[in-house]
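**Student:** Sharing work16.json, JSON, C-alpha atoms:
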[["chain", "number", "residue", "atom", "x", "y", "z"],
["A", 287, "MET", "CA", 96.91, 17.64, 11.92],
["A", 288, "THR", "CA", 93.84, 15.60, 11.07],
["A", 289, "ASP", "CA", 92.02, 15.05, 7.79],
["A", 290, "SER", "CA", 89.25, 17.43, 8.85],
["A", 291, "VAL", "CA", 88.75, 20.48, 6.67],
["A", 292, "ALA", "CA", 87.55, 23.85, 7.97],
["A", 293, "ILE", "CA", 86.18, 26.58, 5.74],
["A", 294, "VAL", "CA", 87.61, 29.83, 7.09],
["A", 295, "LEU", "CA", 86.30, 33.27, 6.15],
["A", 296, "VAL", "CA", 89.39, 35.41, 5.57],
["A", 297, "SER", "CA", 88.82, 39.12, 5.01],
["A", 298, "GLY", "CA", 92.44, 40.12, 5.54],
["A", 299, "GLY", "CA", 91.72, 41.83, 8.85],
["A", 300, "LEU", "CA", 93.30, 41.12, 12.21],
["A", 301, "ASP", "CA", 90.28, 39.19, 13.48],
["A", 302, "SER", "CA", 90.06, 36.88, 10.48],
["A", 303, "MET", "CA", 93.83, 36.31, 10.66],
["A", 304, "VAL", "CA", 93.57, 35.13, 14.26],
["A", 305, "SER", "CA", 90.47, 33.06, 13.50],
["A", 306, "ALA", "CA", 92.27, 31.32, 10.62],
["A", 307, "ALA", "CA", 95.28, 30.58, 12.82],
["A", 308, "ARG", "CA", 92.98, 29.16, 15.48],
["A", 309, "ALA", "CA", 91.44, 26.83, 12.89],
["A", 310, "ARG", "CA", 94.92, 25.61, 12.04],
["A", 311, "GLU", "CA", 95.81, 25.24, 15.73],
["A", 312, "ASP", "CA", 92.62, 23.23, 16.24],
["A", 313, "GLY", "CA", 94.02, 20.70, 13.81],
["A", 314, "HIS", "CA", 92.05, 21.50, 10.68],
["A", 315, "ARG", "CA", 93.19, 21.74, 7.11],
["A", 316, "VAL", "CA", 92.36, 25.33, 6.17],
["A", 317, "PHE", "CA", 90.31, 26.21, 3.09],
["A", 318, "ALA", "CA", 90.24, 30.02, 3.02],
["A", 319, "LEU", "CA", 87.32, 31.94, 1.53],
["A", 320, "SER", "CA", 87.39, 35.64, 0.68],
["A", 321, "PHE", "CA", 85.05, 37.96, -1.22],
["A", 322, "ASP", "CA", 85.67, 40.73, -3.71],
["A", 323, "TYR", "CA", 82.37, 42.42, -2.96],
["A", 324, "GLY", "CA", 83.15, 45.87, -4.33],
["A", 325, "GLN", "CA", 84.51, 47.13, -1.03],
["A", 326, "ARG", "CA", 86.28, 50.47, -1.21],
["A", 327, "HIS", "CA", 89.16, 49.01, 0.82],
["A", 328, "GLN", "CA", 90.27, 46.59, -1.92],
["A", 329, "VAL", "CA", 93.70, 46.49, -0.31],
["A", 330, "GLU", "CA", 92.22, 44.04, 2.21],
["A", 331, "LEU", "CA", 92.10, 41.35, -0.51],
["A", 332, "LYS", "CA", 95.88, 41.57, -0.84],
["A", 333, "ALA", "CA", 96.05, 41.13, 2.92],
["A", 334, "ALA", "CA", 93.67, 38.15, 2.68],
["A", 335, "ARG", "CA", 96.08, 36.44, 0.29],
["A", 336, "ARG", "CA", 98.95, 37.10, 2.70],
["A", 337, "VAL", "CA", 96.94, 35.72, 5.62],
["A", 338, "ALA", "CA", 95.91, 32.59, 3.70],
["A", 339, "ALA", "CA", 99.55, 31.92, 2.86],
["A", 340, "MET", "CA", 100.67, 32.64, 6.43],
["A", 341, "VAL", "CA", 98.33, 30.06, 7.95],
["A", 342, "GLY", "CA", 99.15, 27.46, 5.30],
["A", 343, "ALA", "CA", 95.74, 27.36, 3.63],
["A", 344, "GLU", "CA", 95.55, 24.47, 1.18],
["A", 345, "ARG", "CA", 93.09, 26.38, -0.96],
["A", 346, "HIS", "CA", 92.13, 30.04, -1.14],
["A", 347, "VAL", "CA", 89.03, 30.93, -3.12],
["A", 348, "VAL", "CA", 88.20, 34.59, -3.81],
["A", 349, "ILE", "CA", 84.61, 34.96, -4.98],
["A", 350, "PRO", "CA", 83.58, 38.05, -6.98],
["A", 351, "LEU", "CA", 80.29, 39.26, -5.51],
["A", 352, "ASP", "CA", 79.60, 42.88, -6.36],
["A", 353, "LEU", "CA", 77.46, 44.22, -3.53],
["A", 354, "ARG", "CA", 77.76, 47.70, -5.03],
["A", 355, "ALA", "CA", 74.69, 46.71, -7.04],
["A", 356, "PHE", "CA", 72.73, 46.96, -3.78],
["A", 357, "GLY", "CA", 74.64, 49.81, -2.10],
["A", 358, "GLY", "CA", 73.39, 50.91, 1.29],
["A", 359, "SER", "CA", 76.80, 51.03, 2.98],
["A", 360, "ALA", "CA", 79.76, 53.39, 3.13],
["A", 361, "LEU", "CA", 81.90, 50.43, 2.06],
["A", 362, "THR", "CA", 79.96, 49.75, -1.16],
["A", 363, "ASP", "CA", 78.30, 53.07, -2.02],
["A", 364, "ASP", "CA", 79.14, 56.74, -2.43],
["A", 365, "ILE", "CA", 78.76, 57.45, 1.27],
["A", 366, "ALA", "CA", 81.49, 58.96, 3.43],
["A", 367, "VAL", "CA", 83.17, 56.70, 5.98],
["A", 368, "PRO", "CA", 82.58, 58.18, 9.45],
["A", 369, "LYS", "CA", 85.72, 59.51, 11.11],
["A", 370, "ASP", "CA", 84.37, 60.97, 14.35],
["A", 371, "GLY", "CA", 84.73, 57.99, 16.66],
["A", 372, "VAL", "CA", 82.87, 54.79, 17.52],
["A", 373, "GLY", "CA", 79.25, 55.63, 18.32],
["A", 374, "ASP", "CA", 76.32, 53.89, 20.01],
["A", 375, "THR", "CA", 74.30, 53.20, 16.87],
["A", 376, "ILE", "CA", 74.93, 50.89, 13.93],
["A", 377, "PRO", "CA", 77.18, 52.92, 11.60],
["A", 378, "VAL", "CA", 76.85, 53.34, 7.83],
["A", 379, "THR", "CA", 79.87, 51.04, 7.37],
["A", 380, "TYR", "CA", 77.46, 48.16, 8.09],
["A", 381, "VAL", "CA", 76.99, 46.20, 4.84],
["A", 382, "PRO", "CA", 73.41, 44.87, 4.69],
["A", 383, "ALA", "CA", 73.31, 41.16, 5.63],
["A", 384, "ARG", "CA", 77.01, 40.74, 4.75],
["A", 385, "ASN", "CA", 77.86, 37.96, 7.21],
["A", 386, "THR", "CA", 74.66, 36.10, 6.34],
["A", 387, "ILE", "CA", 75.64, 36.21, 2.67],
["A", 388, "PHE", "CA", 79.24, 35.20, 3.34],
["A", 389, "LEU", "CA", 78.33, 32.37, 5.71],
["A", 390, "SER", "CA", 75.77, 31.04, 3.24],
["A", 391, "LEU", "CA", 78.45, 30.69, 0.58],
["A", 392, "ALA", "CA", 80.87, 29.21, 3.12],
["A", 393, "LEU", "CA", 78.17, 26.70, 4.03],
["A", 394, "GLY", "CA", 77.81, 25.70, 0.38],
["A", 395, "TRP", "CA", 81.54, 25.08, 0.09],
["A", 396, "ALA", "CA", 81.62, 23.25, 3.41],
["A", 397, "GLU", "CA", 78.92, 20.82, 2.32],
["A", 398, "ALA", "CA", 80.57, 20.26, -1.06],
["A", 399, "ALA", "CA", 83.99, 19.71, 0.56],
["A", 400, "GLY", "CA", 82.76, 17.47, 3.36],
["A", 401, "ALA", "CA", 83.77, 20.04, 5.98],
["A", 402, "ARG", "CA", 81.77, 20.41, 9.18],
["A", 403, "ASP", "CA", 83.48, 23.46, 10.66],
["A", 404, "ILE", "CA", 83.17, 27.04, 9.41],
["A", 405, "TYR", "CA", 85.31, 29.68, 11.09],
["A", 406, "ILE", "CA", 84.42, 33.37, 11.19],
["A", 407, "GLY", "CA", 86.33, 36.09, 13.04],
["A", 408, "VAL", "CA", 83.43, 38.04, 14.52],
["A", 409, "ASN", "CA", 83.51, 39.46, 18.02],
["A", 410, "ALA", "CA", 80.88, 41.28, 20.05],
["A", 411, "LEU", "CA", 82.89, 43.24, 22.61],
["A", 412, "ASP", "CA", 85.10, 45.87, 20.92],
["A", 413, "TYR", "CA", 83.20, 46.24, 17.65],
["A", 414, "SER", "CA", 80.99, 48.70, 15.76],
["A", 415, "GLY", "CA", 77.69, 47.15, 16.81],
["A", 416, "TYR", "CA", 76.94, 45.23, 13.63],
["A", 417, "PRO", "CA", 73.97, 42.88, 14.27],
["A", 418, "ASP", "CA", 75.59, 40.03, 12.34],
["A", 419, "CYS", "CA", 78.50, 39.82, 14.78],
["A", 420, "ARG", "CA", 76.40, 38.85, 17.82],
["A", 421, "PRO", "CA", 76.34, 35.40, 19.45],
["A", 422, "GLU", "CA", 72.60, 35.18, 18.76],
["A", 423, "PHE", "CA", 73.25, 35.49, 15.04],
["A", 424, "ILE", "CA", 75.97, 32.81, 15.06],
["A", 425, "ALA", "CA", 73.71, 30.40, 16.98],
["A", 426, "ALA", "CA", 70.79, 31.09, 14.65],
["A", 427, "PHE", "CA", 72.88, 30.52, 11.53],
["A", 428, "GLU", "CA", 74.20, 27.25, 12.91],
["A", 429, "ASN", "CA", 70.60, 26.12, 13.40],
["A", 430, "LEU", "CA", 69.74, 27.24, 9.87],
["A", 431, "ALA", "CA", 72.70, 25.26, 8.48],
["A", 432, "GLU", "CA", 71.33, 22.09, 10.02],
["A", 433, "LEU", "CA", 67.85, 22.69, 8.60],
["A", 434, "ALA", "CA", 68.91, 23.86, 5.15],
["A", 435, "THR", "CA", 71.40, 21.20, 4.03],
["A", 436, "LYS", "CA", 71.35, 17.55, 3.03],
["A", 437, "ALA", "CA", 74.20, 16.89, 5.45],
["A", 438, "GLY", "CA", 72.32, 18.58, 8.28],
["A", 439, "VAL", "CA", 69.05, 16.67, 7.84],
["A", 440, "GLU", "CA", 71.02, 13.43, 7.57],
["A", 441, "GLY", "CA", 72.54, 13.97, 11.00],
["A", 442, "GLN", "CA", 75.85, 15.60, 10.08],
["A", 443, "PRO", "CA", 75.41, 19.15, 11.42],
["A", 444, "PHE", "CA", 77.78, 22.04, 10.84],
["A", 445, "ARG", "CA", 79.59, 24.00, 13.53],
["A", 446, "ILE", "CA", 79.94, 27.76, 13.11],
["A", 447, "GLN", "CA", 83.14, 28.46, 14.99],
["A", 448, "ALA", "CA", 83.56, 32.03, 16.25],
["A", 449, "PRO", "CA", 86.65, 31.70, 18.50],
["A", 450, "LEU", "CA", 86.94, 35.46, 19.03],
["A", 451, "GLN", "CA", 83.28, 35.98, 19.88],
["A", 452, "HIS", "CA", 83.82, 37.11, 23.47],
["A", 453, "MET", "CA", 87.30, 38.61, 23.12],
["A", 454, "SER", "CA", 88.14, 42.28, 23.35],
["A", 455, "LYS", "CA", 90.45, 43.78, 20.74],
["A", 456, "ALA", "CA", 93.22, 43.66, 23.34],
["A", 457, "ASP", "CA", 92.58, 39.93, 23.78],
["A", 458, "ILE", "CA", 92.75, 39.48, 20.01],
["A", 459, "ALA", "CA", 96.03, 41.40, 19.76],
["A", 460, "ARG", "CA", 97.48, 39.18, 22.50],
["A", 461, "GLU", "CA", 96.19, 36.08, 20.74],
["A", 462, "ALA", "CA", 97.88, 37.12, 17.51],
["A", 463, "GLU", "CA", 101.11, 37.50, 19.49],
["A", 464, "ARG", "CA", 100.66, 34.09, 21.13],
["A", 465, "LEU", "CA", 100.06, 32.43, 17.76],
["A", 466, "GLY", "CA", 103.23, 33.99, 16.35],
["A", 467, "LEU", "CA", 101.38, 35.95, 13.67],
["A", 468, "ASP", "CA", 102.77, 38.99, 11.89],
["A", 469, "ALA", "CA", 99.79, 41.26, 12.51],
["A", 470, "GLY", "CA", 101.37, 43.94, 10.34],
["A", 471, "GLN", "CA", 100.41, 41.82, 7.33],
["A", 472, "SER", "CA", 96.70, 42.21, 8.14],
["A", 473, "TRP", "CA", 94.52, 45.14, 7.08],
["A", 474, "SER", "CA", 91.74, 46.82, 9.05],
["A", 475, "CYS", "CA", 91.13, 50.32, 7.63],
["A", 476, "TYR", "CA", 87.85, 51.09, 5.86],
["A", 477, "ASP", "CA", 89.19, 54.15, 4.06],
["A", 478, "PRO", "CA", 92.87, 53.77, 3.07],
["A", 479, "THR", "CA", 94.84, 56.85, 2.08],
["A", 480, "PRO", "CA", 96.15, 57.20, -1.50],
["A", 481, "GLU", "CA", 99.58, 56.29, -0.09],
["A", 482, "GLY", "CA", 98.22, 52.97, 1.16],
["A", 483, "LEU", "CA", 98.18, 53.78, 4.88],
["A", 484, "HIS", "CA", 95.53, 53.07, 7.49],
["A", 485, "CYS", "CA", 93.58, 56.34, 7.86],
["A", 486, "GLY", "CA", 93.68, 56.12, 11.67],
["A", 487, "LEU", "CA", 90.23, 57.68, 12.16],
["A", 488, "CYS", "CA", 87.61, 55.18, 10.97],
["A", 489, "ASP", "CA", 85.98, 52.86, 13.50],
["A", 490, "SER", "CA", 88.11, 49.93, 12.46],
["A", 491, "CYS", "CA", 91.38, 51.84, 12.85],
["A", 492, "ARG", "CA", 90.32, 53.23, 16.22],
["A", 493, "LEU", "CA", 89.35, 49.80, 17.54],
["A", 494, "ARG", "CA", 92.58, 48.24, 16.29],
["A", 495, "SER", "CA", 94.73, 50.96, 17.87],
["A", 496, "LYS", "CA", 92.76, 50.80, 21.14],
["A", 497, "GLY", "CA", 93.28, 47.04, 21.27],
["A", 498, "TYR", "CA", 97.05, 47.30, 20.96],
["A", 499, "GLN", "CA", 97.24, 50.09, 23.51],
["A", 500, "GLU", "CA", 95.19, 48.12, 26.04],
["A", 501, "ALA", "CA", 97.19, 44.96, 25.37],
["A", 502, "GLY", "CA", 100.43, 46.81, 26.03],
["A", 503, "LEU", "CA", 101.85, 45.57, 22.73],
["A", 504, "PRO", "CA", 103.56, 47.56, 19.95],
["A", 505, "ASP", "CA", 101.07, 48.29, 17.18],
["A", 506, "PRO", "CA", 102.61, 47.23, 13.82],
["A", 507, "THR", "CA", 100.13, 49.42, 11.92],
["A", 508, "VAL", "CA", 101.17, 52.60, 10.08],
["A", 509, "TYR", "CA", 98.45, 55.21, 10.46],
["A", 510, "ALA", "CA", 98.19, 58.41, 8.43],
["A", 511, "THR", "CA", 96.70, 60.12, 11.49],
["A", 512, "ALA", "CA", 97.19, 58.92, 15.03],
["A", 513, "PRO", "CA", 93.87, 57.46, 16.31]]
Show me this structure written as structure tokens.
**Tutor:**
Amino acid sequence: MTDSVAIVLVSGGLDSMVSAARAREDGHRVFALSFDYGQRHQVELKAARRVAAMVGAERHVVIPLDLRAFGGSALTDDIAVPKDGVGDTIPVTYVPARNTIFLSLALGWAEAAGARDIYIGVNALDYSGYPDCRPEFIAAFENLAELATKAGVEGQPFRIQAPLQHMSKADIAREAERLGLDAGQSWSCYDPTPEGLHCGLCDSCRLRSKGYQEAGLPDPTVYATAP
């Protein structure tokens, strides 16, 4: 372990859990950052706290940021979460500019804390097609971070680390296993049942289940309906 600090975006999902563990494995002290943005799946914040504790985060900041004021997404507005399978277009579960907003706040904390690494658990293989999960977006934001900060213009650029960028969900499930993580403590579902189960039919549940099936690993998730 070095003295280097990494700001790690921790949603509570499987991807962010693995990303946080990778930051720790890379030798960083983990400062976890989560957002209470008015998401309908508030249960993920409980999972985020479990994940932060699991990876030994020295700090865990949860920022209230009510994106329901903007709406425009099934996660923050009165719009039904699609349950008919992963499609070819960007679904209504996309939250407008969410990763740009989250990374901007992570960048502010990173500069204040003297951190140069920001970890985010995006991937662009088995995903719902969100534009802010693509490698082009990560590269562009890293360039913005250099231009927009005192540290950046003084020659201390930031690194946006996306260790899962080119992994499939099966790869991510295997990586969680390799890192010794209890993936059952993470949360993926966009539309939890009243009993607190993964619905099994939203995009996120389907992708999670598919990943475990393809990895040949037991899925620790309890689904209300089999994906």
**Student:** Report as a list in words all protein, DNA and RNA residues lying within 10 Å of segment 352-355 of chain A, evaluated on all atoms listed in the file, omitting residues in the same chain fewer than 5 positions from it.
**Tutor:**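 Within the cut-off, the hits are Phe321, Asp322, Tyr323, Gly324, Gln325, Arg326, Leu361, Thr362, Asp363, Asp364, Val381, Pro382 and Arg384 of chain A.
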**Student:** Can you work out the spacing between atom CA of Arg310 of chain A and atom CA of Asp457 of chain A in Å, to one decimal?
**Tutor:**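 These two atoms are separated by 18.7 Å.
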**Student:** Place a sphere of radius 6 Å on (76.2, 27.4, 9.3) in the file coordinates and name every protein, DNA or RNA residue with an atom inside or on its surface, counting all atoms listed in the file; give the answer as a list in words.
**Tutor:**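 The distance filter leaves exactly Leu393, Phe427, Glu428, Ala431, Phe444 and Ile446 of chain A.
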**Student:** Would you pick out the contacts of segment 464-472 of chain A at 10 Å or less, using only C-alpha atoms, so that residues sharing its chain but fewer than 5 positions from it are not included, and give the list as a ChimeraX atom specification?
**Tutor:** /A:297-304,307-308,311,329-337,340-341,458-459,505-508
**Student:** Take atom CA of Ala399 of chain A and atom CA of Ile293 of chain A and report the distance between them in Å, one decimal.
**Tutor:** 8.9 Å
**Student:** Grab the atom CA of Asp374 of chain A to atom CA of Ala306 of chain A distance for me, in Å with one decimal place.
**Tutor:**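 Between atom CA of Asp374 of chain A and atom CA of Ala306 of chain A the gap is 29.2 Å.
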**Student:** List every residue of segment 361-472 of chain A that has an atom at most 6 Å from any atom of segment 481-499 of chain A, giving for each one its closest atom pair and the distance in Å to one decimal, counting only C-alpha atoms, sorted by chain and then by ascending residue number, as a Markdown table.
**Tutor:**
| residue | atom | partner | partner_atom | distance |
| --- | --- | --- | --- | --- |
| A:Lys369 | CA | A:Cys488 | CA | 4.7 |
| A:Val372 | CA | A:Asp489 | CA | 5.4 |
| A:Lys455 | CA | A:Gly497 | CA | 4.3 |
| A:Ala456 | CA | A:Gly497 | CA | 4.0 |
**Student:** Which residues are close to Ser305 of chain A, i.e. within 9 Å by all atoms listed in the file, leaving aside same-chain residues fewer than 5 positions away? Reply as a PyMOL selection string.
**Tutor:** chain A and resi 294-296+300+310+405-408+447-450
**Student:** How would the residues just chosen look if you wrote them out with C-alpha atoms as a PDB file, in the frame of the given file?
**Tutor:**
ATOM      1  CA  VAL A 294      87.610  29.830   7.090  1.00  0.00           C
ATOM      2  CA  LEU A 295      86.300  33.270   6.150  1.00  0.00           C
ATOM      3  CA  VAL A 296      89.390  35.410   5.570  1.00  0.00           C
ATOM      4  CA  LEU A 300      93.300  41.120  12.210  1.00  0.00           C
ATOM      5  CA  ARG A 310      94.920  25.610  12.040  1.00  0.00           C
ATOM      6  CA  TYR A 405      85.310  29.680  11.090  1.00  0.00           C
ATOM      7  CA  ILE A 406      84.420  33.370  11.190  1.00  0.00           C
ATOM      8  CA  GLY A 407      86.330  36.090  13.040  1.00  0.00           C
ATOM      9  CA  VAL A 408      83.430  38.040  14.520  1.00  0.00           C
ATOM     10  CA  GLN A 447      83.140  28.460  14.990  1.00  0.00           C
ATOM     11  CA  ALA A 448      83.560  32.030  16.250  1.00  0.00           C
ATOM     12  CA  PRO A 449      86.650  31.700  18.500  1.00  0.00           C
ATOM     13  CA  LEU A 450      86.940  35.460  19.030  1.00  0.00           C
TER      14      LEU A 450
END
**Student:** Quick one: of A:Ala338, A:Leu430, A:Ala425, A:Ala360, who's nearest to Ser390 of chain A, counting only C-alpha atoms?
**Tutor:**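 Of all the options, A:Leu430 lies closest to Ser390 of chain A.
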**Student:** Nearest to Tyr380 of chain A: which of A:Ala318, A:Leu503, A:Ala401, A:Val367 is it, counting only C-alpha atoms?
**Tutor:**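 That would be A:Val367, the residue with the smallest distance to Tyr380 of chain A.
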**Student:** Of the candidates A:Tyr476, A:Ala501, A:Val291, A:Phe388, which one gets nearest to Ser359 of chain A if we count all atoms listed in the file?
**Tutor:**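 Among the listed residues, A:Tyr476 lies closest to Ser359 of chain A.
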**Student:** Any idea what's packed within 6 Å of segment 409-414 of chain A, counting all atoms listed in the file, ignoring anything in its chain fewer than 2 positions away? Could you give it as JSON, numbers by chain?
**Tutor:** {"A": [416, 419, 420, 450, 451, 452, 454, 455]}
**Student:** Of the residues A:Glu440, A:Ser320, A:Leu389, A:Phe423, which is the one nearest to Asp403 of chain A, using only C-alpha atoms?
**Tutor:**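 Under the stated criterion, the closest residue is A:Leu389.
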**Student:** Could you work out an axis-aligned box for segment 390-404 of chain A, taking every atom the file lists and adding 6 Å on each side, and report centre and edge lengths in Å to one decimal, as JSON?
**Tutor:**
{"center_x": 79.9, "center_y": 24.3, "center_z": 4.8, "size_x": 20.2, "size_y": 25.6, "size_z": 23.7}
**Student:** Using all atoms listed in the file, find the one residue out of A:Gly313, A:Asn429, A:Cys475, A:Ala512 that sits nearest to Arg445 of chain A.
**Tutor:**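 Answer, going by the shortest atom-to-atom distance: A:Asn429.
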**Student:** With the input short on atoms, add N, CA and C atoms back to segment 343-371 of chain A and write it as a PDB file, in the coordinates of the input.
**Tutor:**
ATOM      1  N   ALA A 343      96.985  27.806   4.247  1.00  0.00           N
ATOM      2  CA  ALA A 343      95.740  27.360   3.630  1.00  0.00           C
ATOM      3  C   ALA A 343      96.028  26.494   2.408  1.00  0.00           C
ATOM      4  N   GLU A 344      95.363  25.361   2.319  1.00  0.00           N
ATOM      5  CA  GLU A 344      95.550  24.470   1.180  1.00  0.00           C
ATOM      6  C   GLU A 344      94.869  25.026  -0.070  1.00  0.00           C
ATOM      7  N   ARG A 345      93.779  25.718   0.136  1.00  0.00           N
ATOM      8  CA  ARG A 345      93.090  26.380  -0.960  1.00  0.00           C
ATOM      9  C   ARG A 345      92.680  27.769  -0.503  1.00  0.00           C
ATOM     10  N   HIS A 346      92.659  28.705  -1.439  1.00  0.00           N
ATOM     11  CA  HIS A 346      92.130  30.040  -1.140  1.00  0.00           C
ATOM     12  C   HIS A 346      91.275  30.469  -2.321  1.00  0.00           C
ATOM     13  N   VAL A 347      89.983  30.533  -2.086  1.00  0.00           N
ATOM     14  CA  VAL A 347      89.030  30.930  -3.120  1.00  0.00           C
ATOM     15  C   VAL A 347      88.597  32.365  -2.854  1.00  0.00           C
ATOM     16  N   VAL A 348      88.688  33.212  -3.887  1.00  0.00           N
ATOM     17  CA  VAL A 348      88.200  34.590  -3.810  1.00  0.00           C
ATOM     18  C   VAL A 348      87.007  34.695  -4.745  1.00  0.00           C
ATOM     19  N   ILE A 349      85.835  34.919  -4.190  1.00  0.00           N
ATOM     20  CA  ILE A 349      84.610  34.960  -4.980  1.00  0.00           C
ATOM     21  C   ILE A 349      84.246  36.399  -5.319  1.00  0.00           C
ATOM     22  N   PRO A 350      84.082  36.722  -6.613  1.00  0.00           N
ATOM     23  CA  PRO A 350      83.580  38.050  -6.980  1.00  0.00           C
ATOM     24  C   PRO A 350      82.085  38.130  -6.697  1.00  0.00           C
ATOM     25  N   LEU A 351      81.692  39.128  -5.923  1.00  0.00           N
ATOM     26  CA  LEU A 351      80.290  39.260  -5.510  1.00  0.00           C
ATOM     27  C   LEU A 351      80.028  40.754  -5.322  1.00  0.00           C
ATOM     28  N   ASP A 352      79.619  41.426  -6.368  1.00  0.00           N
ATOM     29  CA  ASP A 352      79.600  42.880  -6.360  1.00  0.00           C
ATOM     30  C   ASP A 352      78.384  43.433  -5.620  1.00  0.00           C
ATOM     31  N   LEU A 353      78.546  43.683  -4.343  1.00  0.00           N
ATOM     32  CA  LEU A 353      77.460  44.220  -3.530  1.00  0.00           C
ATOM     33  C   LEU A 353      77.225  45.706  -3.770  1.00  0.00           C
ATOM     34  N   ARG A 354      78.032  46.311  -4.647  1.00  0.00           N
ATOM     35  CA  ARG A 354      77.760  47.700  -5.030  1.00  0.00           C
ATOM     36  C   ARG A 354      76.432  47.804  -5.772  1.00  0.00           C
ATOM     37  N   ALA A 355      75.981  46.713  -6.347  1.00  0.00           N
ATOM     38  CA  ALA A 355      74.690  46.710  -7.040  1.00  0.00           C
ATOM     39  C   ALA A 355      73.550  47.024  -6.076  1.00  0.00           C
ATOM     40  N   PHE A 356      73.732  46.671  -4.795  1.00  0.00           N
ATOM     41  CA  PHE A 356      72.730  46.960  -3.780  1.00  0.00           C
ATOM     42  C   PHE A 356      73.005  48.297  -3.097  1.00  0.00           C
ATOM     43  N   GLY A 357      74.285  48.598  -2.834  1.00  0.00           N
ATOM     44  CA  GLY A 357      74.640  49.810  -2.100  1.00  0.00           C
ATOM     45  C   GLY A 357      74.203  49.715  -0.652  1.00  0.00           C
ATOM     46  N   GLY A 358      73.891  50.873  -0.075  1.00  0.00           N
ATOM     47  CA  GLY A 358      73.390  50.910   1.290  1.00  0.00           C
ATOM     48  C   GLY A 358      74.434  50.899   2.369  1.00  0.00           C
ATOM     49  N   SER A 359      75.715  51.037   1.994  1.00  0.00           N
ATOM     50  CA  SER A 359      76.800  51.030   2.980  1.00  0.00           C
ATOM     51  C   SER A 359      77.910  51.967   2.523  1.00  0.00           C
ATOM     52  N   ALA A 360      78.607  52.547   3.473  1.00  0.00           N
ATOM     53  CA  ALA A 360      79.760  53.390   3.130  1.00  0.00           C
ATOM     54  C   ALA A 360      80.882  52.584   2.499  1.00  0.00           C
ATOM     55  N   LEU A 361      80.845  51.267   2.645  1.00  0.00           N
ATOM     56  CA  LEU A 361      81.900  50.430   2.060  1.00  0.00           C
ATOM     57  C   LEU A 361      81.597  50.044   0.617  1.00  0.00           C
ATOM     58  N   THR A 362      80.339  50.187   0.190  1.00  0.00           N
ATOM     59  CA  THR A 362      79.960  49.750  -1.160  1.00  0.00           C
ATOM     60  C   THR A 362      79.206  50.828  -1.933  1.00  0.00           C
ATOM     61  N   ASP A 363      79.092  52.013  -1.399  1.00  0.00           N
ATOM     62  CA  ASP A 363      78.300  53.070  -2.020  1.00  0.00           C
ATOM     63  C   ASP A 363      79.036  54.399  -1.863  1.00  0.00           C
ATOM     64  N   ASP A 364      78.511  55.414  -2.493  1.00  0.00           N
ATOM     65  CA  ASP A 364      79.140  56.740  -2.430  1.00  0.00           C
ATOM     66  C   ASP A 364      78.677  57.456  -1.167  1.00  0.00           C
ATOM     67  N   ILE A 365      79.105  56.922  -0.047  1.00  0.00           N
ATOM     68  CA  ILE A 365      78.760  57.450   1.270  1.00  0.00           C
ATOM     69  C   ILE A 365      80.068  57.604   2.044  1.00  0.00           C
ATOM     70  N   ALA A 366      80.240  58.716   2.699  1.00  0.00           N
ATOM     71  CA  ALA A 366      81.490  58.960   3.430  1.00  0.00           C
ATOM     72  C   ALA A 366      81.637  58.007   4.607  1.00  0.00           C
ATOM     73  N   VAL A 367      82.857  57.522   4.809  1.00  0.00           N
ATOM     74  CA  VAL A 367      83.170  56.700   5.980  1.00  0.00           C
ATOM     75  C   VAL A 367      83.275  57.599   7.202  1.00  0.00           C
ATOM     76  N   PRO A 368      82.514  57.325   8.258  1.00  0.00           N
ATOM     77  CA  PRO A 368      82.580  58.180   9.450  1.00  0.00           C
ATOM     78  C   PRO A 368      83.976  58.192  10.063  1.00  0.00           C
ATOM     79  N   LYS A 369      84.385  59.361  10.535  1.00  0.00           N
ATOM     80  CA  LYS A 369      85.720  59.510  11.110  1.00  0.00           C
ATOM     81  C   LYS A 369      85.690  60.163  12.490  1.00  0.00           C
ATOM     82  N   ASP A 370      84.496  60.213  13.105  1.00  0.00           N
ATOM     83  CA  ASP A 370      84.370  60.970  14.350  1.00  0.00           C
ATOM     84  C   ASP A 370      84.279  60.105  15.594  1.00  0.00           C
ATOM     85  N   GLY A 371      84.691  58.849  15.482  1.00  0.00           N
ATOM     86  CA  GLY A 371      84.730  57.990  16.660  1.00  0.00           C
ATOM     87  C   GLY A 371      83.628  56.940  16.643  1.00  0.00           C
TER      88      GLY A 371
END
